[in-house]
Every structure is written in C-alpha cells, then in structure tokens.
Amino acid sequence: MWRPALLAAALLSSTSLSAAAQRRADVRCNVGDIEVRSLKFRGNSAHTDYALERGIATTPSTWWRRTFGFGRSYCLDSIATMIEDSARLSYRYVSTGYPDVRVRPVLTYKSPTKVDVAYEITEGEPMIIDSLGIEWTTIDSLGFASRSALPDSLRYTSDLPIELGARFNTIAIEAARDSIVRRLQERGYPQAEVLRDFATEIAAHRADVTFRIYPGPKSWIGAINIPEPLPPVGGTRSRIDTGRVRQVLGIRVGQLYNERTLEAVRRGLFLTEAFRFVGVSIDSASLTDDVDSLVSVNVTLAETQLQATRASLGWGNLDCIRAQLNYTNFNFLGGLRRLDLNGRLSKVGYAQPLDYRSGSLCGSLRDDPFSDTLNYYASATISQASLFGLRVVPSLTIYSERRSEFKAFLRETPFGLIGSALQGVGSSLPMTWSYQLEYGRTVAQPAFFCAVFNVCESEARQRLEEGTRSAVVGWSTTRSTALSLVNPTGGSVVRLDLRHASTIVGSASDASFNRATVDATWYRPVSTGALVLRIRAGAVLGSRLDLSGSPRFIPLQERLYAGGPNSVRGYRQNELGPAVYLPDEVTAIAIPGNDTLVYLEAFADSTDERTVPTGGDNVIVANVELRLRSPAFPEMMQWAFFVDAGQVWNRGRSGTGVSFNDIRVTPGLGVRVFTPVGPIRVDVGYNAYDRQPGPAYLTTSPGSGSGNLICVSPGNDLRVLSRTPGVYERQVDDGDCPASYAPGRGSFLRRLTFQFSIGQPF
C-alpha cells in the first residue's frame, strides 16, 4: 500500500514543493482571512521543526506580529494547502525510511480570525537496510555483458553515506550512487553509470539494496581542442593567445581521464578572472565502446574585460576610516600574467597628516600611542596562472607599508619582497610556499622592551629599534570542507602555518625565530543554525640577542597575541595575557640618611594607567559558539551565544612555562545582521577576572619615548636617583621588576567588552 502512496506523494512533491516558498508569499492576510498564530510539530524526532517548516507552505506570522502586534502576518490559504503540506511531510518521512508514517493536521482556533496550526506526526518503525550488494558489469567487444566482483572495491565503495543496519533512506542511497559514479570518473571512467535497485519487506521493515555498476571503457585524454576565445562584450577580437592557454592548462595528451582534474582546469581558468565563460568538456564524438579509448577535451572560452579598477571606503573601530584602491591587468604582457597594484590607507580621520580627530568616531584609538600616524600599504604583484603546466601558481610582490598593532607595536617597512607559489590549486589540500625579505624597523613602548627583554636603557633599546633585515621562509596549508564561505553550517576548516627565519635564509641574527600556528574550526548543524567549535594554538622559538645578559629574543611582529573580536571576546584587542603598565601617578618613599635616593611605588587604580600588551611565545584559544536564527527577521538576523577561552604565555624571560590553570574563560552573546557586504556583527563578552598582574614602569622622559625606564611596581626594592624632588633620573640598582602591579577591572559595566566587526569570527 505504501508504494502507491509514495509515488503519489512524489508526484505531488514535484509539482508543489518547488512552489512552497512562493506560496508563502501568497498567503499574507487580507480582510476576513484567518491568521496563523503558531505552527508546531508534535512527535517528530528524525527531523527538526525547522527542517520540516522549511518544506511546507503553511507559515506562521512573524515573531514581531505575535509578540508586539505589528509586523508581517500570514494566513491560511485553504484547507487544501494543509492537506498538501501533510503529503509533503509524509513524502519526506517515507523517502528517509519511515514507511508507516502518519501525519494529521490539527487546527486550534484562538478566535474567529486566529488559529494555531499543528501537525501531529506518528513516525512508526524505521525500515532498515538488511543487505547491501554491489555488482560490476562490463561489456566486451561483442556487446555481451558479464558480471564480476568489483575490482579494488574499497576504492569505490568505502565511506559511503549508507551502510548495513542503517535506515533505508532513498536520499542517502542517491548520494551513495553519486559518490560511486564520481569516484569512477576520477579514475579513468568518463562513461560510468551506476543503477540502484532495492526490494522492501514492509511487514519486516527490511530492505535489500543493490548497486549495479557499468563502468564503460577506461579512457585517456587524446586531443585537447582550444578554439580562439570569444572577444569581450563590445570587443571585435580576442587578445589572449590560445597557445599560452594550452601551456598553463595543467593537463596533457595521454593522461588518464580524471573528472576532478578537468574541474580544476575550469576553476583555474576562472581564477585568472580573464574569462567570463569557461567550458571544459568531453567531445561526445570521441566516446567509443572500446575496452580502452582516447577521449578529446574541448576548452571553450569567452574573454572578459582584461583591466579592472576597484575602490572601497569603510570604517572600523581600530582602523577609523579606511580606504583602498586596486588596479588589475588580467593579461599583463600576454600569457595570462596578472598584475595587481594595491594601495590602502587606515587611521584616516585620526592619524597625522589626516587627523581630523572627529570625537567619538575613532575614540577607541585614544589609548593607542601607535595610531597617531597614518598607516599605509602599497604593493605591486605579478602572478602567473600556472607554471610549466603544473598546478602551481607563482607570484611576486614588492611592497612598502606602515602598520600598527593595537597598543603593541609599530612596524615600518620601506621595502619588502614576497615570492610565493600556490601548489595543488583546486585540490583538497592546497599548499603555499613563500619567501619574504624585508628591511624595516619595529617600535614598541619602552616598558615593553624592559619587561620582556630586560632592555631598559634607552641606548640599548634604540639598537633594537634600528632598521634590520628580515628573511622568512614560510609554508602553509588549508583544508576546507565548509559548506559556505559566509555562514557555514557544516564541514570544517583547518589551517597550519610554519615560518622560519635565520641567517641561513638571509635574515639578520637578531631577527631569527621559528613559529608554528594551527587553527581548526568545525561546524555542525543544530536546530535553526550551527554549533561552531574552534581551537587555535601557536608557539614561537627565538634566538638570543647580541646584548650582554639579555634573554631569548623574538621579533615583535612575530609574537603571539589574543583577545579581540576574532579571539577571546571578553578582552579587547591583544589584551589577553602578559601586560606591562604605565601608571600616571607614583609615590616616592625616602631612604633615611640619603637625600638623593628613593623608592618608587605605584598603587593599582583601574583608571590611572596605560596598558601595554606584550604578547608571548605561546598561545591557545578555544571558542564554542551556538548560532541560531532570530525569531524576528529570521532570514537576515542571527543570534550567537558563545564561550571563549584562552591565554598567552611569555616564557622568554620569566621562565614560568605554560600552565593551563592560567586560562581565562569569558561568555557572551552577539547578533549578526546579514547584508550584501557580509554579516555585520556585534558581540558582548563578559570578563569576570581582574586584569593580569604585571610590572609597572615610569619613564624618565614622559611622552618622548627616549628616556630610561624605572620600576615602580609595588614592593620593589630598586633604588632611584633623584637629585631634585619629583624628578627621577635613573634606576640605580639592577634587578627584575616584580609583576606585582594588579589593577582592578571595576564595576559590572566595565567588565563588559563590546566588539564590532564585519564577517563571522571564524
């Protein structure tokens, strides 16, 4: 009895499911209509309410309408619509292994013009796959078919979405069939076909499933046909040489046919952005029934405009006004070479010489001493579509930049050079090899050098801030199975990044280090959104400075930081982990019998010091975030509930090592509004911890950055020379400045950290 019902439901589904979303727009209320106040599903466990609701036409009024009385209302179209929705729900259940399902609509009138709609679902016992067979059928030269065991069966049938004992799910069976076809096409069988058959025993709730494989002849690539590309719109002739296209395709005559390789060719040509259309297909005339054969590949191209200019303007709480201008030539000097000229400015409106200082527009930069001068980036990049027919994309970039890391450091690079090669374009595990050579200088707060590297004298500190040569060899790889780039609900993204600098690769001895970071994110669908799990970890090992008595040194721009909108959101940018403090007020304690020496101490006050994050050489960050569609405006708004945890350790000088007891955990919530430029995000994190204790310093030349540093941490016993009351010249004693300055965080509101940005955090 269930087979005719299934066929009828399938027919009904094919004619009405595609129109369900459109019908939602047709059931808005008119005068006299009956409004749907709520929509519920009872008895469902195999499918979520959200998934069932998306497949039917009946729609409840919006959350705003139901809660506050205004907003969009939806009404019952007709009783026939509810019957059709019941059939749609039945079809969904039957196709996923519940042949005994029963769906009954229930109407509960709240008033003559308002009704609650519910669907009571009795799922019944699921049908189980009792046997799973695979048959390999070949056709010989005389046209006779023969069946045999599947050669290399695991290669084609492992990790299928169905298995013995699983629920009889026709959707999963189709996915398994498609997987087998795909694997055959990737191993030399372009004409592969797979038929699936199943027999069911309704009473026993058992099903037998069989896949019959017709691989067709094994094939290799024969001729590669590339006619002259169609000219761009409005053009009269093409400008790209087809001979050069042939050289960079990455496929060759005699290569075993592979569908994935052809897709990589298509994707690679699209990535050049030189074509508005790319077609890579098999010439049907070359297909034969021979046991082994050659197939011809046709590459059809249509050119686009080969030059483009883009400009953008935006705002960020740490960038103030930012502007960017890009020029691209997609066929530079012929041969599908690409030239990119990029220019970028940030801190516009706050930093000199464009310092309008427009009040609250960039108020968060007032505490950052490195945001007083305009940040810029200018570069020229030339890249090739492919290299010697391999799936490698080389590029060369020359650049100059000035960039600041919030409260941490300022990096000035008059000249830099990056050579890179992207290997495995279009594969599941692309890798990037790079070599970066630059000449530049890094400036940080004097207290940073004193606390982290024990360099407190201005002369020694100036040596660190002088320009130096840096050369870095890098390797990175990313594996992504995320289902979306903007708002993933499934899959994962894992990235590994390794960097090495030493005199062997051309770096100065005081700019040597080894750094490794890993960033992994998993997405799982949950209810109306997704559960996101993410972990980031990193470590840096450095060399020793050529300064007597100094500890291991790591270049400032390579240190690891945490805190901010994409990290631990209970902390502001970079402020998780070790920190140095610069109090505004100190107390002088006289030494009896000595008129020129005093002790200086500062007492913690949450409003009277400046924080200098020092970063560290080890970091770990973990995030758990639940993203759910908003009841109000569910198509454009999303709520997020998150718990972030992490810590940064600075082993270099303190030698305290890594302790997971130091990890800080901050919960919070946020909202995302989806726009054409991406999700606009506001997150609020709650920080229950007092700020981390650290050393406190006073500079002998406030504001100049050229003075010596004096320790003013509570309990220090380092004497300070003071010939004139209130004027402190230098610290007389050598020794470590204790990390005993522990400012409080203040009231509840001061423990809330607001983060504003564009795009999902990870």
# chains A, B, ... in the order shown; residues from 1 in each chain; ligands from 1
>>> residues_around(residues="Phe211 in chain A", least_positions_apart="2", cutoff="6 Å", atoms="only C-alpha atoms", output="mmCIF file with C-alpha atoms, in the first residue's frame")
data_model
loop_
_atom_site.group_PDB
_atom_site.id
_atom_site.type_symbol
_atom_site.label_atom_id
_atom_site.label_comp_id
_atom_site.auth_asym_id
_atom_site.auth_seq_id
_atom_site.Cartn_x
_atom_site.Cartn_y
_atom_site.Cartn_z
ATOM 1 C CA ILE A 134 27.433 -4.215 -5.429
ATOM 2 C CA LEU A 195 21.973 1.860 -11.258
ATOM 3 C CA ARG A 196 20.478 1.258 -7.867
#
>>> residues_around(residues="Asn574 in chain A", least_positions_apart="2", cutoff="7 Å", atoms="only C-alpha atoms", output="PyMOL selection string")
chain A and resi 561-564+572+576+613
>>> write_last_selection(atoms="N, CA and C atoms", output="mmCIF file, in the first residue's frame")
data_model
loop_
_atom_site.group_PDB
_atom_site.id
_atom_site.type_symbol
_atom_site.label_atom_id
_atom_site.label_comp_id
_atom_site.auth_asym_id
_atom_site.auth_seq_id
_atom_site.Cartn_x
_atom_site.Cartn_y
_atom_site.Cartn_z
ATOM 1 N N TYR A 561 49.487 37.006 20.017
ATOM 2 C CA TYR A 561 48.568 37.803 20.817
ATOM 3 C C TYR A 561 47.197 37.130 20.830
ATOM 4 N N ALA A 562 46.369 37.528 21.784
ATOM 5 C CA ALA A 562 44.996 37.022 21.869
ATOM 6 C C ALA A 562 44.125 38.106 22.487
ATOM 7 N N GLY A 563 42.829 37.958 22.260
ATOM 8 C CA GLY A 563 41.877 38.964 22.678
ATOM 9 C C GLY A 563 41.420 39.781 21.483
ATOM 10 N N GLY A 564 40.115 40.061 21.427
ATOM 11 C CA GLY A 564 39.589 40.836 20.319
ATOM 12 C C GLY A 564 38.394 40.156 19.679
ATOM 13 N N ARG A 572 39.671 43.133 25.111
ATOM 14 C CA ARG A 572 39.884 43.986 23.954
ATOM 15 C C ARG A 572 41.062 43.463 23.135
ATOM 16 N N LEU A 576 44.666 40.063 26.173
ATOM 17 C CA LEU A 576 44.708 38.842 26.976
ATOM 18 C C LEU A 576 46.160 38.399 27.107
ATOM 19 N N PRO A 613 50.164 45.585 26.035
ATOM 20 C CA PRO A 613 50.230 44.126 25.870
ATOM 21 C C PRO A 613 51.601 43.714 25.351
#
>>> residues_around(residues="Gly715 in chain A", least_positions_apart="5", cutoff="12 Å", atoms="only C-alpha atoms", output="MDAnalysis selection string")
chainID A and resid 587 589 599:603 695:696 736:741
>>> residues_around(residues="Ala508 in chain A", least_positions_apart="2", cutoff="7 Å", atoms="only C-alpha atoms", output="compact mmCIF listing (two decimals) with C-alpha atoms, in the first residue's frame")
# COMPACT_ATOMS: atom_id res chain seq x y z
CA THR A 468 67.23 45.43 10.26
CA ARG A 469 66.96 42.82 7.54
CA SER A 470 64.40 40.06 7.96
CA SER A 502 67.68 32.62 10.38
CA THR A 503 70.98 33.72 8.93
CA GLY A 506 69.27 35.64 4.78
CA ASP A 510 68.67 39.31 15.88
CA ALA A 511 65.58 38.63 13.72
CA SER A 512 65.65 34.83 13.83
>>> closest_residue(among="A:Phe674, A:Tyr98, A:Phe754, A:Trp315", to="Ile202 in chain A", atoms="only C-alpha atoms")
A:Tyr98
>>> closest_residue(among="A:Ser379, A:Ser286, A:Thr272, A:Thr48", to="Leu325 in chain A", atoms="only C-alpha atoms")
A:Ser379
>>> residues_around(residues="Gly670 in chain A", least_positions_apart="5", cutoff="12 Å", atoms="only C-alpha atoms", output="ChimeraX atom specification")
/A:565,569-570,625-630,637-643,679-686,753-757,760-761
>>> atom_distance(atom1="CA of Tyr439 in chain A", atom2="CA of Tyr376 in chain A")
16.1 Å
>>> select_by_dssp(residues="range 232-398 of chain A", states="strand (DSSP E)", output="mmCIF file with N, CA and C atoms, in the first residue's frame")
data_model
loop_
_atom_site.group_PDB
_atom_site.id
_atom_site.type_symbol
_atom_site.label_atom_id
_atom_site.label_comp_id
_atom_site.auth_asym_id
_atom_site.auth_seq_id
_atom_site.Cartn_x
_atom_site.Cartn_y
_atom_site.Cartn_z
ATOM 1 N N PHE A 275 38.318 35.498 -18.077
ATOM 2 C CA PHE A 275 37.258 34.936 -18.908
ATOM 3 C C PHE A 275 35.914 35.082 -18.197
ATOM 4 N N ARG A 276 34.898 35.438 -18.993
ATOM 5 C CA ARG A 276 33.540 35.484 -18.452
ATOM 6 C C ARG A 276 32.845 34.148 -18.592
ATOM 7 N N PHE A 277 33.388 33.262 -19.424
ATOM 8 C CA PHE A 277 32.851 31.908 -19.573
ATOM 9 C C PHE A 277 33.994 30.949 -19.814
ATOM 10 N N VAL A 278 33.961 29.801 -19.114
ATOM 11 C CA VAL A 278 34.942 28.730 -19.307
ATOM 12 C C VAL A 278 34.178 27.421 -19.393
ATOM 13 N N GLY A 279 34.353 26.709 -20.493
ATOM 14 C CA GLY A 279 33.753 25.398 -20.650
ATOM 15 C C GLY A 279 34.814 24.350 -20.912
ATOM 16 N N VAL A 280 34.861 23.301 -20.103
ATOM 17 C CA VAL A 280 35.799 22.189 -20.287
ATOM 18 C C VAL A 280 34.959 20.920 -20.311
ATOM 19 N N SER A 281 34.890 20.264 -21.455
ATOM 20 C CA SER A 281 34.005 19.115 -21.600
ATOM 21 C C SER A 281 34.609 18.094 -22.546
ATOM 22 N N ILE A 282 34.037 16.890 -22.498
ATOM 23 C CA ILE A 282 34.463 15.816 -23.402
ATOM 24 C C ILE A 282 33.756 15.972 -24.741
ATOM 25 N N ASP A 292 39.580 0.070 -24.078
ATOM 26 C CA ASP A 292 40.396 1.238 -23.747
ATOM 27 C C ASP A 292 40.221 2.246 -24.872
ATOM 28 N N SER A 293 40.169 3.530 -24.541
ATOM 29 C CA SER A 293 39.916 4.521 -25.582
ATOM 30 C C SER A 293 40.543 5.849 -25.211
ATOM 31 N N LEU A 294 40.598 6.734 -26.195
ATOM 32 C CA LEU A 294 41.049 8.102 -26.014
ATOM 33 C C LEU A 294 39.847 9.022 -26.166
ATOM 34 N N VAL A 295 39.772 10.023 -25.301
ATOM 35 C CA VAL A 295 38.682 10.993 -25.393
ATOM 36 C C VAL A 295 39.279 12.374 -25.632
ATOM 37 N N SER A 296 38.594 13.148 -26.455
ATOM 38 C CA SER A 296 39.033 14.514 -26.740
ATOM 39 C C SER A 296 38.384 15.478 -25.758
ATOM 40 N N VAL A 297 39.122 16.507 -25.396
ATOM 41 C CA VAL A 297 38.640 17.520 -24.463
ATOM 42 C C VAL A 297 38.506 18.842 -25.206
ATOM 43 N N ASN A 298 37.335 19.459 -25.102
ATOM 44 C CA ASN A 298 37.084 20.763 -25.712
ATOM 45 C C ASN A 298 37.125 21.842 -24.632
ATOM 46 N N VAL A 299 37.932 22.877 -24.863
ATOM 47 C CA VAL A 299 38.030 24.021 -23.952
ATOM 48 C C VAL A 299 37.451 25.233 -24.666
ATOM 49 N N THR A 300 36.324 25.723 -24.175
ATOM 50 C CA THR A 300 35.631 26.861 -24.784
ATOM 51 C C THR A 300 35.755 28.062 -23.863
ATOM 52 N N LEU A 301 36.190 29.183 -24.437
ATOM 53 C CA LEU A 301 36.478 30.368 -23.637
ATOM 54 C C LEU A 301 35.795 31.598 -24.213
ATOM 55 N N ALA A 302 35.425 32.501 -23.341
ATOM 56 C CA ALA A 302 34.935 33.822 -23.735
ATOM 57 C C ALA A 302 35.614 34.852 -22.849
ATOM 58 N N GLU A 303 36.315 35.803 -23.445
ATOM 59 C CA GLU A 303 37.084 36.778 -22.674
ATOM 60 C C GLU A 303 36.174 37.786 -21.983
ATOM 61 N N GLN A 307 41.028 44.602 -17.852
ATOM 62 C CA GLN A 307 41.522 45.570 -16.877
ATOM 63 C C GLN A 307 40.366 45.972 -15.963
ATOM 64 N N ALA A 308 40.673 46.137 -14.688
ATOM 65 C CA ALA A 308 39.635 46.491 -13.718
ATOM 66 C C ALA A 308 40.222 47.385 -12.639
ATOM 67 N N THR A 309 39.424 48.343 -12.190
ATOM 68 C CA THR A 309 39.798 49.238 -11.094
ATOM 69 C C THR A 309 38.700 49.189 -10.043
ATOM 70 N N ARG A 310 39.103 49.020 -8.795
ATOM 71 C CA ARG A 310 38.144 48.922 -7.699
ATOM 72 C C ARG A 310 38.552 49.885 -6.586
ATOM 73 N N ALA A 311 37.576 50.496 -5.980
ATOM 74 C CA ALA A 311 37.823 51.391 -4.843
ATOM 75 C C ALA A 311 36.824 51.061 -3.743
ATOM 76 N N SER A 312 37.256 51.191 -2.495
ATOM 77 C CA SER A 312 36.361 50.912 -1.373
ATOM 78 C C SER A 312 36.673 51.873 -0.237
ATOM 79 N N LEU A 313 35.654 52.119 0.565
ATOM 80 C CA LEU A 313 35.760 53.008 1.711
ATOM 81 C C LEU A 313 34.989 52.379 2.855
ATOM 82 N N GLY A 314 35.577 52.350 4.042
ATOM 83 C CA GLY A 314 34.906 51.726 5.176
ATOM 84 C C GLY A 314 35.376 52.325 6.484
ATOM 85 N N TRP A 315 34.848 51.746 7.566
ATOM 86 C CA TRP A 315 35.203 52.204 8.906
ATOM 87 C C TRP A 315 35.328 51.009 9.832
ATOM 88 N N GLY A 316 36.274 51.070 10.745
ATOM 89 C CA GLY A 316 36.451 50.046 11.759
ATOM 90 C C GLY A 316 36.891 50.713 13.050
ATOM 91 N N CYS A 320 39.660 53.255 12.175
ATOM 92 C CA CYS A 320 38.992 54.508 11.876
ATOM 93 C C CYS A 320 38.490 54.447 10.430
ATOM 94 N N ILE A 321 38.651 55.502 9.666
ATOM 95 C CA ILE A 321 38.251 55.460 8.253
ATOM 96 C C ILE A 321 39.362 54.789 7.460
ATOM 97 N N ARG A 322 39.000 53.848 6.608
ATOM 98 C CA ARG A 322 39.991 53.164 5.789
ATOM 99 C C ARG A 322 39.551 53.203 4.331
ATOM 100 N N ALA A 323 40.524 53.305 3.452
ATOM 101 C CA ALA A 323 40.251 53.393 2.017
ATOM 102 C C ALA A 323 41.204 52.470 1.279
ATOM 103 N N GLN A 324 40.731 51.930 0.163
ATOM 104 C CA GLN A 324 41.537 51.002 -0.618
ATOM 105 C C GLN A 324 41.285 51.227 -2.097
ATOM 106 N N LEU A 325 42.346 51.121 -2.898
ATOM 107 C CA LEU A 325 42.261 51.258 -4.347
ATOM 108 C C LEU A 325 43.077 50.147 -4.988
ATOM 109 N N ASN A 326 42.466 49.434 -5.945
ATOM 110 C CA ASN A 326 43.118 48.314 -6.622
ATOM 111 C C ASN A 326 42.980 48.463 -8.131
ATOM 112 N N TYR A 327 44.069 48.181 -8.815
ATOM 113 C CA TYR A 327 44.052 48.116 -10.282
ATOM 114 C C TYR A 327 44.588 46.752 -10.694
ATOM 115 N N THR A 328 43.897 46.079 -11.628
ATOM 116 C CA THR A 328 44.294 44.749 -12.063
ATOM 117 C C THR A 328 44.317 44.679 -13.586
ATOM 118 N N ASN A 329 45.406 44.128 -14.114
ATOM 119 C CA ASN A 329 45.509 43.792 -15.532
ATOM 120 C C ASN A 329 45.607 42.276 -15.607
ATOM 121 N N ARG A 337 49.398 36.474 -17.651
ATOM 122 C CA ARG A 337 50.046 37.007 -16.447
ATOM 123 C C ARG A 337 49.154 38.096 -15.861
ATOM 124 N N ARG A 338 49.176 38.205 -14.552
ATOM 125 C CA ARG A 338 48.286 39.142 -13.867
ATOM 126 C C ARG A 338 49.096 40.152 -13.078
ATOM 127 N N LEU A 339 48.751 41.421 -13.223
ATOM 128 C CA LEU A 339 49.397 42.495 -12.477
ATOM 129 C C LEU A 339 48.363 43.138 -11.566
ATOM 130 N N ASP A 340 48.684 43.211 -10.274
ATOM 131 C CA ASP A 340 47.814 43.861 -9.290
ATOM 132 C C ASP A 340 48.574 44.994 -8.621
ATOM 133 N N LEU A 341 48.004 46.190 -8.660
ATOM 134 C CA LEU A 341 48.527 47.337 -7.933
ATOM 135 C C LEU A 341 47.542 47.664 -6.820
ATOM 136 N N ASN A 342 48.031 47.692 -5.591
ATOM 137 C CA ASN A 342 47.156 47.870 -4.430
ATOM 138 C C ASN A 342 47.649 49.019 -3.562
ATOM 139 N N GLY A 343 46.724 49.809 -3.105
ATOM 140 C CA GLY A 343 47.022 50.874 -2.159
ATOM 141 C C GLY A 343 45.977 50.893 -1.059
ATOM 142 N N ARG A 344 46.421 51.068 0.170
ATOM 143 C CA ARG A 344 45.488 51.024 1.292
ATOM 144 C C ARG A 344 45.908 52.033 2.359
ATOM 145 N N LEU A 345 44.940 52.767 2.888
ATOM 146 C CA LEU A 345 45.165 53.711 3.978
ATOM 147 C C LEU A 345 44.227 53.366 5.125
ATOM 148 N N SER A 346 44.714 53.525 6.350
ATOM 149 C CA SER A 346 43.860 53.361 7.521
ATOM 150 C C SER A 346 44.272 54.368 8.587
ATOM 151 N N LYS A 347 43.463 54.526 9.584
ATOM 152 C CA LYS A 347 43.576 55.554 10.626
ATOM 153 C C LYS A 347 43.245 56.939 10.071
ATOM 154 N N VAL A 348 42.618 56.998 8.878
ATOM 155 C CA VAL A 348 42.227 58.284 8.310
ATOM 156 C C VAL A 348 41.192 58.930 9.221
ATOM 157 N N ASN A 375 48.561 54.856 8.764
ATOM 158 C CA ASN A 375 49.007 53.543 8.303
ATOM 159 C C ASN A 375 48.775 53.431 6.804
ATOM 160 N N TYR A 376 49.696 52.786 6.117
ATOM 161 C CA TYR A 376 49.539 52.652 4.670
ATOM 162 C C TYR A 376 50.105 51.317 4.208
ATOM 163 N N TYR A 377 49.696 50.917 3.013
ATOM 164 C CA TYR A 377 50.249 49.732 2.354
ATOM 165 C C TYR A 377 50.175 49.967 0.854
ATOM 166 N N ALA A 378 51.286 49.767 0.168
ATOM 167 C CA ALA A 378 51.347 49.899 -1.290
ATOM 168 C C ALA A 378 52.123 48.717 -1.839
ATOM 169 N N SER A 379 51.578 48.075 -2.873
ATOM 170 C CA SER A 379 52.237 46.890 -3.403
ATOM 171 C C SER A 379 51.964 46.731 -4.884
ATOM 172 N N ALA A 380 52.843 45.988 -5.530
ATOM 173 C CA ALA A 380 52.677 45.562 -6.923
ATOM 174 C C ALA A 380 52.940 44.065 -6.965
ATOM 175 N N THR A 381 51.989 43.305 -7.505
ATOM 176 C CA THR A 381 52.086 41.852 -7.546
ATOM 177 C C THR A 381 51.912 41.374 -8.972
ATOM 178 N N ILE A 382 52.811 40.517 -9.412
ATOM 179 C CA ILE A 382 52.665 39.872 -10.711
ATOM 180 C C ILE A 382 52.593 38.369 -10.465
ATOM 181 N N SER A 383 51.614 37.719 -11.082
ATOM 182 C CA SER A 383 51.414 36.293 -10.872
ATOM 183 C C SER A 383 51.093 35.627 -12.194
ATOM 184 N N GLN A 384 51.319 34.337 -12.227
ATOM 185 C CA GLN A 384 51.085 33.536 -13.427
ATOM 186 C C GLN A 384 49.964 32.547 -13.148
ATOM 187 N N VAL A 392 50.583 24.823 -10.144
ATOM 188 C CA VAL A 392 51.311 25.708 -9.248
ATOM 189 C C VAL A 392 51.105 27.136 -9.728
ATOM 190 N N VAL A 393 50.744 28.022 -8.823
ATOM 191 C CA VAL A 393 50.526 29.421 -9.158
ATOM 192 C C VAL A 393 51.612 30.254 -8.485
ATOM 193 N N PRO A 394 52.590 30.747 -9.252
ATOM 194 C CA PRO A 394 53.649 31.570 -8.666
ATOM 195 C C PRO A 394 53.234 33.039 -8.648
ATOM 196 N N SER A 395 53.800 33.798 -7.721
ATOM 197 C CA SER A 395 53.552 35.237 -7.661
ATOM 198 C C SER A 395 54.752 35.925 -7.024
ATOM 199 N N LEU A 396 54.919 37.199 -7.358
ATOM 200 C CA LEU A 396 55.997 38.017 -6.808
ATOM 201 C C LEU A 396 55.401 39.363 -6.423
ATOM 202 N N THR A 397 55.652 39.787 -5.185
ATOM 203 C CA THR A 397 55.087 41.033 -4.670
ATOM 204 C C THR A 397 56.193 41.922 -4.131
ATOM 205 N N ILE A 398 56.154 43.192 -4.512
ATOM 206 C CA ILE A 398 57.021 44.225 -3.940
ATOM 207 C C ILE A 398 56.122 45.190 -3.192
#
>>> residues_around(residues="range 406-420 of chain A", least_positions_apart="6", cutoff="7 Å", atoms="only C-alpha atoms", output="ChimeraX atom specification")
/A:368-370,394-400,432-444,573,612-614
>>> write_last_selection(atoms="N, CA and C atoms", output="short mmCIF file (atom, residue, chain, number, x, y, z; two decimals), in the first residue's frame")
data_model
loop_
_atom_site.label_atom_id
_atom_site.label_comp_id
_atom_site.auth_asym_id
_atom_site.auth_seq_id
_atom_site.Cartn_x
_atom_site.Cartn_y
_atom_site.Cartn_z
N ASP A 368 45.91 54.35 22.20
CA ASP A 368 46.93 53.64 21.42
C ASP A 368 47.99 54.63 20.95
N PRO A 369 49.21 54.56 21.48
CA PRO A 369 50.26 55.51 21.08
C PRO A 369 50.76 55.29 19.66
N PHE A 370 50.40 54.17 19.02
CA PHE A 370 50.91 53.88 17.68
C PHE A 370 49.91 54.23 16.59
N PRO A 394 52.59 30.75 -9.25
CA PRO A 394 53.65 31.57 -8.67
C PRO A 394 53.23 33.04 -8.65
N SER A 395 53.80 33.80 -7.72
CA SER A 395 53.55 35.24 -7.66
C SER A 395 54.75 35.92 -7.02
N LEU A 396 54.92 37.20 -7.36
CA LEU A 396 56.00 38.02 -6.81
C LEU A 396 55.40 39.36 -6.42
N THR A 397 55.65 39.79 -5.18
CA THR A 397 55.09 41.03 -4.67
C THR A 397 56.19 41.92 -4.13
N ILE A 398 56.15 43.19 -4.51
CA ILE A 398 57.02 44.23 -3.94
C ILE A 398 56.12 45.19 -3.19
N TYR A 399 56.49 45.53 -1.96
CA TYR A 399 55.58 46.33 -1.16
C TYR A 399 56.33 47.26 -0.22
N SER A 400 55.58 48.22 0.30
CA SER A 400 56.05 49.12 1.35
C SER A 400 54.86 49.37 2.26
N THR A 432 50.94 26.54 0.23
CA THR A 432 51.60 27.76 -0.21
C THR A 432 53.01 27.79 0.36
N TRP A 433 53.99 27.96 -0.54
CA TRP A 433 55.39 28.12 -0.16
C TRP A 433 55.75 29.59 -0.38
N SER A 434 56.46 30.19 0.54
CA SER A 434 56.76 31.61 0.41
C SER A 434 58.15 31.94 0.95
N TYR A 435 58.67 33.04 0.41
CA TYR A 435 59.93 33.60 0.91
C TYR A 435 59.73 35.10 1.00
N GLN A 436 59.91 35.66 2.20
CA GLN A 436 59.68 37.08 2.43
C GLN A 436 60.96 37.74 2.89
N LEU A 437 61.36 38.79 2.17
CA LEU A 437 62.56 39.55 2.51
C LEU A 437 62.15 41.01 2.67
N GLU A 438 62.50 41.59 3.82
CA GLU A 438 62.14 42.98 4.03
C GLU A 438 63.17 43.68 4.89
N TYR A 439 63.23 44.99 4.71
CA TYR A 439 64.08 45.83 5.53
C TYR A 439 63.16 46.79 6.27
N GLY A 440 63.20 46.76 7.60
CA GLY A 440 62.30 47.61 8.35
C GLY A 440 62.68 47.69 9.81
N ARG A 441 61.88 48.41 10.55
CA ARG A 441 62.12 48.61 11.97
C ARG A 441 60.81 48.45 12.72
N THR A 442 60.91 48.01 13.98
CA THR A 442 59.74 47.82 14.83
C THR A 442 59.92 48.66 16.08
N VAL A 443 58.91 49.43 16.40
CA VAL A 443 58.94 50.32 17.56
C VAL A 443 57.88 49.86 18.54
N ALA A 444 58.25 49.81 19.81
CA ALA A 444 57.30 49.44 20.86
C ALA A 444 57.50 50.37 22.05
N GLN A 573 41.26 44.06 21.96
CA GLN A 573 42.27 43.59 21.04
C GLN A 573 43.63 43.46 21.71
N VAL A 612 50.10 48.06 28.21
CA VAL A 612 50.92 47.71 27.05
C VAL A 612 50.95 46.19 26.94
N PRO A 613 50.16 45.58 26.03
CA PRO A 613 50.23 44.13 25.87
C PRO A 613 51.60 43.71 25.35
N THR A 614 52.14 42.66 25.92
CA THR A 614 53.47 42.20 25.49
C THR A 614 53.40 41.00 24.57
#
>>> closest_residue(among="A:Gly491, A:Pro592, A:Pro105, A:Gly97", to="Asp85 in chain A", atoms="only C-alpha atoms")
A:Pro105
>>> residues_around(residues="Arg730 in chain A", least_positions_apart="6", cutoff="9 Å", atoms="only C-alpha atoms", output="ChimeraX atom specification")
/A:699-700,707-710,719-722
